[in-house]
Amino acid sequence: MSFSIQAGRPAVRACESAADMADAVGELYSSAAEDAVLIWNLVPVRLSYGDDLAALLDDLVPLLENVQREDFSGTDVFWGSDTFSAEWVISREGDWLRLRARWHSTLGNYESLLTERGDSVVRTPAFVSEWAKVLRRMVTDIEAGPVELEDDDIFVRAKVLLTD
């Protein structure tokens, strides 16, 4: 597979309440916690839970909902955190998704190597399943807290993705 994610098990800090899921994730995981690792055509890209994944959540959950729709044909996504910044053009090719990326910054400065490796192609269910690993980790830790969320929209939608 040219696209996979290793979710890890980052240490969790106490958090009683947060504005939303992204805010809770930023509070639950310190920058020193274990990272998730996105594997793009055999190149590892570290994603910190407290910074990168917290910043991606508001785009990630709608993206995963959309790619599963039968009428999905494609979209552009801008991932913009301090240590993970990229533009992905995602297009459907039958049961597959083609991910074309323009890499701006990654922890470890792998942008040129990632660009050299080209597009990543992955089956739609596998793409969703790989991202579900990190969502499951975050949802589990928020529920275990338990963390009170003022706005639980993305959290509820993430939970629905995990039950599909």
# chains A, B, ... in the order shown; residues from 1 in each chain; ligands from 1
>>> select_by_dssp(residues="segment 34-136 of chain A", states="strand (DSSP E)", output="PDB file with N, CA and C atoms, in the first residue's frame")
ATOM      1  N   ALA A  36       1.747  10.171  15.576  1.00  0.00           N
ATOM      2  CA  ALA A  36       1.256   9.246  14.558  1.00  0.00           C
ATOM      3  C   ALA A  36       2.244   9.358  13.391  1.00  0.00           C
ATOM      4  N   VAL A  37       2.295   8.328  12.554  1.00  0.00           N
ATOM      5  CA  VAL A  37       3.195   8.361  11.402  1.00  0.00           C
ATOM      6  C   VAL A  37       2.396   8.025  10.148  1.00  0.00           C
ATOM      7  N   LEU A  38       2.361   8.969   9.229  1.00  0.00           N
ATOM      8  CA  LEU A  38       1.732   8.765   7.924  1.00  0.00           C
ATOM      9  C   LEU A  38       2.827   8.242   7.000  1.00  0.00           C
ATOM     10  N   ILE A  39       2.550   7.147   6.328  1.00  0.00           N
ATOM     11  CA  ILE A  39       3.519   6.578   5.381  1.00  0.00           C
ATOM     12  C   ILE A  39       3.013   6.879   3.970  1.00  0.00           C
ATOM     13  N   TRP A  40       3.784   7.683   3.239  1.00  0.00           N
ATOM     14  CA  TRP A  40       3.431   8.088   1.878  1.00  0.00           C
ATOM     15  C   TRP A  40       4.475   7.503   0.931  1.00  0.00           C
ATOM     16  N   VAL A  43       7.684   6.770   2.595  1.00  0.00           N
ATOM     17  CA  VAL A  43       8.336   7.865   3.308  1.00  0.00           C
ATOM     18  C   VAL A  43       7.532   8.162   4.572  1.00  0.00           C
ATOM     19  N   PRO A  44       8.166   8.075   5.754  1.00  0.00           N
ATOM     20  CA  PRO A  44       7.440   8.345   6.997  1.00  0.00           C
ATOM     21  C   PRO A  44       7.315   9.850   7.257  1.00  0.00           C
ATOM     22  N   VAL A  45       6.112  10.268   7.613  1.00  0.00           N
ATOM     23  CA  VAL A  45       5.848  11.666   7.943  1.00  0.00           C
ATOM     24  C   VAL A  45       5.203  11.697   9.322  1.00  0.00           C
ATOM     25  N   ARG A  46       5.887  12.313  10.272  1.00  0.00           N
ATOM     26  CA  ARG A  46       5.372  12.373  11.636  1.00  0.00           C
ATOM     27  C   ARG A  46       4.266  13.416  11.747  1.00  0.00           C
ATOM     28  N   LEU A  47       3.201  13.038  12.467  1.00  0.00           N
ATOM     29  CA  LEU A  47       2.088  13.937  12.740  1.00  0.00           C
ATOM     30  C   LEU A  47       1.887  13.984  14.255  1.00  0.00           C
ATOM     31  N   GLY A  74     -14.018  14.222  -6.487  1.00  0.00           N
ATOM     32  CA  GLY A  74     -12.726  14.777  -6.123  1.00  0.00           C
ATOM     33  C   GLY A  74     -12.851  16.021  -5.277  1.00  0.00           C
ATOM     34  N   THR A  75     -11.734  16.398  -4.684  1.00  0.00           N
ATOM     35  CA  THR A  75     -11.685  17.604  -3.850  1.00  0.00           C
ATOM     36  C   THR A  75     -10.243  18.023  -3.640  1.00  0.00           C
ATOM     37  N   ASP A  76     -10.075  19.239  -3.183  1.00  0.00           N
ATOM     38  CA  ASP A  76      -8.770  19.750  -2.778  1.00  0.00           C
ATOM     39  C   ASP A  76      -8.804  19.963  -1.271  1.00  0.00           C
ATOM     40  N   VAL A  77      -7.716  19.612  -0.612  1.00  0.00           N
ATOM     41  CA  VAL A  77      -7.618  19.796   0.835  1.00  0.00           C
ATOM     42  C   VAL A  77      -6.295  20.478   1.131  1.00  0.00           C
ATOM     43  N   PHE A  78      -6.350  21.489   1.985  1.00  0.00           N
ATOM     44  CA  PHE A  78      -5.127  22.133   2.446  1.00  0.00           C
ATOM     45  C   PHE A  78      -4.925  21.758   3.907  1.00  0.00           C
ATOM     46  N   TRP A  79      -3.845  21.037   4.174  1.00  0.00           N
ATOM     47  CA  TRP A  79      -3.481  20.690   5.546  1.00  0.00           C
ATOM     48  C   TRP A  79      -2.514  21.766   6.003  1.00  0.00           C
ATOM     49  N   GLY A  80      -2.857  22.497   7.028  1.00  0.00           N
ATOM     50  CA  GLY A  80      -2.016  23.623   7.400  1.00  0.00           C
ATOM     51  C   GLY A  80      -1.705  23.738   8.870  1.00  0.00           C
ATOM     52  N   PHE A  84       3.180  20.313   9.512  1.00  0.00           N
ATOM     53  CA  PHE A  84       2.617  19.479   8.448  1.00  0.00           C
ATOM     54  C   PHE A  84       1.750  20.373   7.578  1.00  0.00           C
ATOM     55  N   SER A  85       2.301  20.781   6.468  1.00  0.00           N
ATOM     56  CA  SER A  85       1.585  21.667   5.568  1.00  0.00           C
ATOM     57  C   SER A  85       1.689  21.111   4.155  1.00  0.00           C
ATOM     58  N   ALA A  86       0.521  20.865   3.552  1.00  0.00           N
ATOM     59  CA  ALA A  86       0.492  20.299   2.205  1.00  0.00           C
ATOM     60  C   ALA A  86      -0.861  20.575   1.572  1.00  0.00           C
ATOM     61  N   GLU A  87      -0.876  20.574   0.267  1.00  0.00           N
ATOM     62  CA  GLU A  87      -2.124  20.642  -0.493  1.00  0.00           C
ATOM     63  C   GLU A  87      -2.296  19.297  -1.182  1.00  0.00           C
ATOM     64  N   TRP A  88      -3.443  18.679  -0.948  1.00  0.00           N
ATOM     65  CA  TRP A  88      -3.738  17.402  -1.589  1.00  0.00           C
ATOM     66  C   TRP A  88      -4.895  17.591  -2.552  1.00  0.00           C
ATOM     67  N   VAL A  89      -4.709  17.116  -3.767  1.00  0.00           N
ATOM     68  CA  VAL A  89      -5.801  17.034  -4.738  1.00  0.00           C
ATOM     69  C   VAL A  89      -6.194  15.565  -4.763  1.00  0.00           C
ATOM     70  N   ILE A  90      -7.412  15.285  -4.362  1.00  0.00           N
ATOM     71  CA  ILE A  90      -7.881  13.905  -4.250  1.00  0.00           C
ATOM     72  C   ILE A  90      -8.931  13.672  -5.328  1.00  0.00           C
ATOM     73  N   SER A  91      -8.720  12.642  -6.137  1.00  0.00           N
ATOM     74  CA  SER A  91      -9.688  12.319  -7.187  1.00  0.00           C
ATOM     75  C   SER A  91     -10.026  10.833  -7.138  1.00  0.00           C
ATOM     76  N   ARG A  92     -11.266  10.542  -7.435  1.00  0.00           N
ATOM     77  CA  ARG A  92     -11.723   9.153  -7.469  1.00  0.00           C
ATOM     78  C   ARG A  92     -11.420   8.557  -8.826  1.00  0.00           C
ATOM     79  N   GLU A  93     -10.887   7.332  -8.781  1.00  0.00           N
ATOM     80  CA  GLU A  93     -10.641   6.548  -9.991  1.00  0.00           C
ATOM     81  C   GLU A  93     -11.219   5.173  -9.729  1.00  0.00           C
ATOM     82  N   TRP A  96     -10.745   3.514  -6.271  1.00  0.00           N
ATOM     83  CA  TRP A  96      -9.475   4.030  -5.768  1.00  0.00           C
ATOM     84  C   TRP A  96      -9.511   5.539  -5.628  1.00  0.00           C
ATOM     85  N   LEU A  97      -8.633   6.049  -4.765  1.00  0.00           N
ATOM     86  CA  LEU A  97      -8.409   7.485  -4.656  1.00  0.00           C
ATOM     87  C   LEU A  97      -6.971   7.765  -5.080  1.00  0.00           C
ATOM     88  N   ARG A  98      -6.813   8.766  -5.911  1.00  0.00           N
ATOM     89  CA  ARG A  98      -5.472   9.230  -6.277  1.00  0.00           C
ATOM     90  C   ARG A  98      -5.219  10.501  -5.474  1.00  0.00           C
ATOM     91  N   LEU A  99      -4.111  10.487  -4.726  1.00  0.00           N
ATOM     92  CA  LEU A  99      -3.736  11.626  -3.890  1.00  0.00           C
ATOM     93  C   LEU A  99      -2.523  12.298  -4.525  1.00  0.00           C
ATOM     94  N   ARG A 100      -2.733  13.494  -5.032  1.00  0.00           N
ATOM     95  CA  ARG A 100      -1.633  14.286  -5.589  1.00  0.00           C
ATOM     96  C   ARG A 100      -1.304  15.348  -4.544  1.00  0.00           C
ATOM     97  N   ALA A 101      -0.065  15.412  -4.143  1.00  0.00           N
ATOM     98  CA  ALA A 101       0.292  16.324  -3.070  1.00  0.00           C
ATOM     99  C   ALA A 101       1.313  17.357  -3.504  1.00  0.00           C
ATOM    100  N   ARG A 102       1.144  18.514  -2.944  1.00  0.00           N
ATOM    101  CA  ARG A 102       2.142  19.573  -3.038  1.00  0.00           C
ATOM    102  C   ARG A 102       2.577  19.826  -1.602  1.00  0.00           C
ATOM    103  N   TRP A 103       3.783  19.424  -1.286  1.00  0.00           N
ATOM    104  CA  TRP A 103       4.283  19.449   0.086  1.00  0.00           C
ATOM    105  C   TRP A 103       4.949  20.787   0.381  1.00  0.00           C
ATOM    106  N   HIS A 104       4.520  21.427   1.469  1.00  0.00           N
ATOM    107  CA  HIS A 104       5.100  22.709   1.875  1.00  0.00           C
ATOM    108  C   HIS A 104       6.067  22.543   3.045  1.00  0.00           C
ATOM    109  N   SER A 105       5.652  21.795   4.070  1.00  0.00           N
ATOM    110  CA  SER A 105       6.563  21.544   5.195  1.00  0.00           C
ATOM    111  C   SER A 105       6.151  20.271   5.928  1.00  0.00           C
ATOM    112  N   THR A 106       7.157  19.544   6.368  1.00  0.00           N
ATOM    113  CA  THR A 106       6.951  18.335   7.171  1.00  0.00           C
ATOM    114  C   THR A 106       8.042  18.299   8.240  1.00  0.00           C
ATOM    115  N   SER A 120       0.104   9.129  -4.448  1.00  0.00           N
ATOM    116  CA  SER A 120      -0.236   7.930  -3.693  1.00  0.00           C
ATOM    117  C   SER A 120      -1.610   7.472  -4.171  1.00  0.00           C
ATOM    118  N   VAL A 121      -1.763   6.184  -4.372  1.00  0.00           N
ATOM    119  CA  VAL A 121      -3.033   5.628  -4.826  1.00  0.00           C
ATOM    120  C   VAL A 121      -3.475   4.588  -3.813  1.00  0.00           C
ATOM    121  N   VAL A 122      -4.716   4.715  -3.351  1.00  0.00           N
ATOM    122  CA  VAL A 122      -5.211   3.848  -2.281  1.00  0.00           C
ATOM    123  C   VAL A 122      -6.704   3.597  -2.488  1.00  0.00           C
ATOM    124  N   ARG A 123      -7.157   2.401  -2.152  1.00  0.00           N
ATOM    125  CA  ARG A 123      -8.596   2.114  -2.198  1.00  0.00           C
ATOM    126  C   ARG A 123      -9.314   3.001  -1.191  1.00  0.00           C
TER     127      ARG A 123
END
>>> residues_around(residues="Leu56 of chain A", least_positions_apart="3", cutoff="8 Å", atoms="only C-alpha atoms", output="compact mmCIF listing (two decimals) with all heavy atoms, in the first residue's frame")
# COMPACT_ATOMS: atom_id res chain seq x y z
N ASP A 52 -0.42 18.88 14.94
CA ASP A 52 -0.83 18.59 13.57
C ASP A 52 -2.25 18.03 13.47
O ASP A 52 -3.09 18.55 12.75
CB ASP A 52 0.15 17.61 12.91
CG ASP A 52 1.57 18.15 12.85
OD1 ASP A 52 1.73 19.37 12.66
OD2 ASP A 52 2.51 17.36 12.99
N LEU A 53 -2.50 16.94 14.18
CA LEU A 53 -3.80 16.29 14.06
C LEU A 53 -4.93 17.16 14.62
O LEU A 53 -6.03 17.18 14.06
CB LEU A 53 -3.79 14.91 14.70
CG LEU A 53 -2.93 13.91 13.92
CD1 LEU A 53 -2.71 12.62 14.73
CD2 LEU A 53 -3.56 13.59 12.57
N ASP A 59 -11.00 19.56 8.94
CA ASP A 59 -11.02 19.21 7.52
C ASP A 59 -11.06 17.70 7.31
O ASP A 59 -11.63 17.22 6.33
CB ASP A 59 -9.79 19.78 6.80
CG ASP A 59 -9.79 21.29 6.77
OD1 ASP A 59 -10.88 21.87 6.55
OD2 ASP A 59 -8.73 21.90 6.97
N LEU A 60 -10.43 16.96 8.22
CA LEU A 60 -10.31 15.51 8.06
C LEU A 60 -11.66 14.81 8.15
O LEU A 60 -11.98 13.97 7.29
CB LEU A 60 -9.36 14.94 9.11
CG LEU A 60 -9.20 13.42 9.11
CD1 LEU A 60 -8.63 12.93 7.78
CD2 LEU A 60 -8.31 12.98 10.28
N TRP A 79 -3.85 21.04 4.17
CA TRP A 79 -3.48 20.69 5.55
C TRP A 79 -2.51 21.77 6.00
O TRP A 79 -1.45 21.91 5.43
CB TRP A 79 -2.78 19.33 5.61
CG TRP A 79 -3.52 18.19 4.99
CD1 TRP A 79 -3.12 17.46 3.91
CD2 TRP A 79 -4.76 17.61 5.40
NE1 TRP A 79 -4.03 16.47 3.65
CE2 TRP A 79 -5.06 16.54 4.56
CE3 TRP A 79 -5.66 17.91 6.43
CZ2 TRP A 79 -6.20 15.76 4.67
CZ3 TRP A 79 -6.80 17.13 6.56
CH2 TRP A 79 -7.06 16.08 5.69
N GLY A 80 -2.86 22.50 7.03
CA GLY A 80 -2.02 23.62 7.40
C GLY A 80 -1.70 23.74 8.87
O GLY A 80 -2.34 24.50 9.57
N SER A 81 -0.75 22.97 9.33
CA SER A 81 -0.25 23.17 10.69
C SER A 81 1.21 23.62 10.58
O SER A 81 1.77 23.68 9.49
CB SER A 81 -0.36 21.89 11.52
OG SER A 81 0.59 20.94 11.10
>>> select_by_dssp(residues="segment 96-136 of chain A", states="helix (DSSP H, G or I)", output="PyMOL selection string")
chain A and resi 111-117+124-136
>>> residues_around(residues="Arg9 of chain A", least_positions_apart="5", cutoff="12 Å", atoms="only C-alpha atoms", output="PDB file with N, CA and C atoms, in the first residue's frame")
ATOM      1  N   TYR A  29      -2.863  15.978  24.402  1.00  0.00           N
ATOM      2  CA  TYR A  29      -1.565  15.456  24.000  1.00  0.00           C
ATOM      3  C   TYR A  29      -0.515  16.569  23.977  1.00  0.00           C
ATOM      4  N   ALA A  33       4.493  14.067  23.284  1.00  0.00           N
ATOM      5  CA  ALA A  33       3.826  12.762  23.211  1.00  0.00           C
ATOM      6  C   ALA A  33       4.201  12.041  21.922  1.00  0.00           C
ATOM      7  N   GLU A  34       3.990  10.739  21.919  1.00  0.00           N
ATOM      8  CA  GLU A  34       4.246   9.922  20.727  1.00  0.00           C
ATOM      9  C   GLU A  34       3.440  10.456  19.542  1.00  0.00           C
ATOM     10  N   ASP A  35       4.043  10.477  18.376  1.00  0.00           N
ATOM     11  CA  ASP A  35       3.384  10.957  17.163  1.00  0.00           C
ATOM     12  C   ASP A  35       2.707   9.815  16.417  1.00  0.00           C
ATOM     13  N   ALA A  36       1.747  10.171  15.576  1.00  0.00           N
ATOM     14  CA  ALA A  36       1.256   9.246  14.558  1.00  0.00           C
ATOM     15  C   ALA A  36       2.244   9.358  13.391  1.00  0.00           C
ATOM     16  N   VAL A  37       2.295   8.328  12.554  1.00  0.00           N
ATOM     17  CA  VAL A  37       3.195   8.361  11.402  1.00  0.00           C
ATOM     18  C   VAL A  37       2.396   8.025  10.148  1.00  0.00           C
ATOM     19  N   SER A  48       2.112  15.128  14.847  1.00  0.00           N
ATOM     20  CA  SER A  48       1.911  15.227  16.287  1.00  0.00           C
ATOM     21  C   SER A  48       0.407  15.304  16.554  1.00  0.00           C
ATOM     22  N   TYR A  49      -0.015  14.614  17.585  1.00  0.00           N
ATOM     23  CA  TYR A  49      -1.434  14.640  17.943  1.00  0.00           C
ATOM     24  C   TYR A  49      -1.862  16.030  18.401  1.00  0.00           C
ATOM     25  N   LYS A 133      -7.800   5.051  12.332  1.00  0.00           N
ATOM     26  CA  LYS A 133      -6.908   4.651  13.431  1.00  0.00           C
ATOM     27  C   LYS A 133      -6.621   5.823  14.363  1.00  0.00           C
ATOM     28  N   VAL A 134      -6.294   6.986  13.796  1.00  0.00           N
ATOM     29  CA  VAL A 134      -6.005   8.141  14.644  1.00  0.00           C
ATOM     30  C   VAL A 134      -7.282   8.713  15.238  1.00  0.00           C
ATOM     31  N   LEU A 135      -8.373   8.685  14.472  1.00  0.00           N
ATOM     32  CA  LEU A 135      -9.652   9.154  15.017  1.00  0.00           C
ATOM     33  C   LEU A 135     -10.073   8.303  16.214  1.00  0.00           C
ATOM     34  N   ARG A 136      -9.915   6.994  16.095  1.00  0.00           N
ATOM     35  CA  ARG A 136     -10.282   6.079  17.181  1.00  0.00           C
ATOM     36  C   ARG A 136      -9.472   6.381  18.435  1.00  0.00           C
ATOM     37  N   ARG A 137      -8.178   6.622  18.258  1.00  0.00           N
ATOM     38  CA  ARG A 137      -7.308   6.957  19.390  1.00  0.00           C
ATOM     39  C   ARG A 137      -7.824   8.218  20.095  1.00  0.00           C
ATOM     40  N   MET A 138      -8.136   9.264  19.313  1.00  0.00           N
ATOM     41  CA  MET A 138      -8.587  10.532  19.881  1.00  0.00           C
ATOM     42  C   MET A 138      -9.956  10.400  20.544  1.00  0.00           C
ATOM     43  N   THR A 140     -11.399   7.697  21.725  1.00  0.00           N
ATOM     44  CA  THR A 140     -11.249   6.866  22.927  1.00  0.00           C
ATOM     45  C   THR A 140     -10.698   7.683  24.086  1.00  0.00           C
ATOM     46  N   ASP A 141      -9.689   8.493  23.829  1.00  0.00           N
ATOM     47  CA  ASP A 141      -9.075   9.279  24.895  1.00  0.00           C
ATOM     48  C   ASP A 141      -9.996  10.403  25.380  1.00  0.00           C
TER      49      ASP A 141
END
>>> residues_around(residues="Ala132 of chain A", least_positions_apart="3", cutoff="9 Å", atoms="only C-alpha atoms", output="ChimeraX atom specification")
/A:64,127-129,135-137,158,161-162
>>> atom_distance(atom1="atom CA of Ser73 of chain A", atom2="atom CA of Phe3 of chain A")
19.3 Å
>>> atom_distance(atom1="atom CA of Asn41 of chain A", atom2="atom CA of Gly94 of chain A")
20.4 Å
>>> atom_distance(atom1="atom CA of Asp119 of chain A", atom2="atom CA of Ala54 of chain A")
24.9 Å
>>> closest_residue(among="A:Val160, A:Val12, A:Leu42, A:Ala32", to="Ala144 of chain A", atoms="only C-alpha atoms")
A:Val12
>>> closest_residue(among="A:Ser17, A:Ser4, A:Val67, A:Pro10", to="Glu148 of chain A", atoms="only C-alpha atoms")
A:Ser17
>>> closest_residue(among="A:Glu65, A:Glu111, A:Asp20, A:Asp95", to="Trp131 of chain A", atoms="only C-alpha atoms")
A:Glu65
>>> closest_residue(among="A:Gly108, A:Gly50, A:Pro62, A:Gly8", to="Phe155 of chain A", atoms="only C-alpha atoms")
A:Pro62
>>> closest_residue(among="A:Ile142, A:Leu107, A:Ala126, A:Leu114", to="Glu16 of chain A", atoms="only C-alpha atoms")
A:Ile142
>>> closest_residue(among="A:Leu113, A:Leu63, A:Ala7, A:Val139", to="Asp152 of chain A", atoms="only C-alpha atoms")
A:Val139
>>> decode(residues="segment 33-56 of chain A", atoms="N, CA, C and O atoms", output="CSV table (one decimal), in the first residue's frame")
chain,number,residue,atom,x,y,z
A,33,ALA,N,4.5,14.1,23.3
A,33,ALA,CA,3.8,12.8,23.2
A,33,ALA,C,4.2,12.0,21.9
A,33,ALA,O,4.7,12.7,21.0
A,34,GLU,N,4.0,10.7,21.9
A,34,GLU,CA,4.2,9.9,20.7
A,34,GLU,C,3.4,10.5,19.5
A,34,GLU,O,2.3,10.8,19.7
A,35,ASP,N,4.0,10.5,18.4
A,35,ASP,CA,3.4,11.0,17.2
A,35,ASP,C,2.7,9.8,16.4
A,35,ASP,O,3.1,8.7,16.6
A,36,ALA,N,1.7,10.2,15.6
A,36,ALA,CA,1.3,9.2,14.6
A,36,ALA,C,2.2,9.4,13.4
A,36,ALA,O,2.9,10.4,13.3
A,37,VAL,N,2.3,8.3,12.6
A,37,VAL,CA,3.2,8.4,11.4
A,37,VAL,C,2.4,8.0,10.1
A,37,VAL,O,1.8,6.9,10.0
A,38,LEU,N,2.4,9.0,9.2
A,38,LEU,CA,1.7,8.8,7.9
A,38,LEU,C,2.8,8.2,7.0
A,38,LEU,O,3.9,8.8,6.9
A,39,ILE,N,2.6,7.1,6.3
A,39,ILE,CA,3.5,6.6,5.4
A,39,ILE,C,3.0,6.9,4.0
A,39,ILE,O,2.0,6.4,3.6
A,40,TRP,N,3.8,7.7,3.2
A,40,TRP,CA,3.4,8.1,1.9
A,40,TRP,C,4.5,7.5,0.9
A,40,TRP,O,5.6,7.9,0.9
A,41,ASN,N,4.1,6.5,0.2
A,41,ASN,CA,5.0,5.8,-0.7
A,41,ASN,C,6.4,5.5,0.0
A,41,ASN,O,7.4,5.9,-0.5
A,42,LEU,N,6.3,4.9,1.1
A,42,LEU,CA,7.4,4.4,1.9
A,42,LEU,C,8.2,5.5,2.6
A,42,LEU,O,9.2,5.3,3.2
A,43,VAL,N,7.7,6.8,2.6
A,43,VAL,CA,8.3,7.9,3.3
A,43,VAL,C,7.5,8.2,4.6
A,43,VAL,O,6.3,8.5,4.5
A,44,PRO,N,8.2,8.1,5.8
A,44,PRO,CA,7.4,8.3,7.0
A,44,PRO,C,7.3,9.8,7.3
A,44,PRO,O,8.3,10.6,7.1
A,45,VAL,N,6.1,10.3,7.6
A,45,VAL,CA,5.8,11.7,7.9
A,45,VAL,C,5.2,11.7,9.3
A,45,VAL,O,4.1,11.2,9.5
A,46,ARG,N,5.9,12.3,10.3
A,46,ARG,CA,5.4,12.4,11.6
A,46,ARG,C,4.3,13.4,11.7
A,46,ARG,O,4.4,14.5,11.2
A,47,LEU,N,3.2,13.0,12.5
A,47,LEU,CA,2.1,13.9,12.7
A,47,LEU,C,1.9,14.0,14.3
A,47,LEU,O,1.5,13.0,14.9
A,48,SER,N,2.1,15.1,14.8
A,48,SER,CA,1.9,15.2,16.3
A,48,SER,C,0.4,15.3,16.6
A,48,SER,O,-0.3,16.0,15.8
A,49,TYR,N,0.0,14.6,17.6
A,49,TYR,CA,-1.4,14.6,17.9
A,49,TYR,C,-1.9,16.0,18.4
A,49,TYR,O,-2.9,16.6,17.9
A,50,GLY,N,-1.1,16.6,19.3
A,50,GLY,CA,-1.5,17.9,19.9
A,50,GLY,C,-1.4,19.1,19.0
A,50,GLY,O,-2.1,20.1,19.2
A,51,ASP,N,-0.6,19.0,18.0
A,51,ASP,CA,-0.5,20.1,17.0
A,51,ASP,C,-1.1,19.8,15.7
A,51,ASP,O,-2.1,20.4,15.3
A,52,ASP,N,-0.4,18.9,14.9
A,52,ASP,CA,-0.8,18.6,13.6
A,52,ASP,C,-2.2,18.0,13.5
A,52,ASP,O,-3.1,18.6,12.8
A,53,LEU,N,-2.5,16.9,14.2
A,53,LEU,CA,-3.8,16.3,14.1
A,53,LEU,C,-4.9,17.2,14.6
A,53,LEU,O,-6.0,17.2,14.1
A,54,ALA,N,-4.6,17.9,15.7
A,54,ALA,CA,-5.6,18.8,16.2
A,54,ALA,C,-6.0,19.9,15.1
A,54,ALA,O,-7.2,20.2,14.9
A,55,ALA,N,-5.0,20.4,14.4
A,55,ALA,CA,-5.2,21.4,13.3
A,55,ALA,C,-6.0,20.8,12.1
A,55,ALA,O,-6.7,21.5,11.4
A,56,LEU,N,-5.8,19.5,11.9
A,56,LEU,CA,-6.4,18.8,10.7
A,56,LEU,C,-7.8,18.4,10.9
A,56,LEU,O,-8.5,18.1,9.9
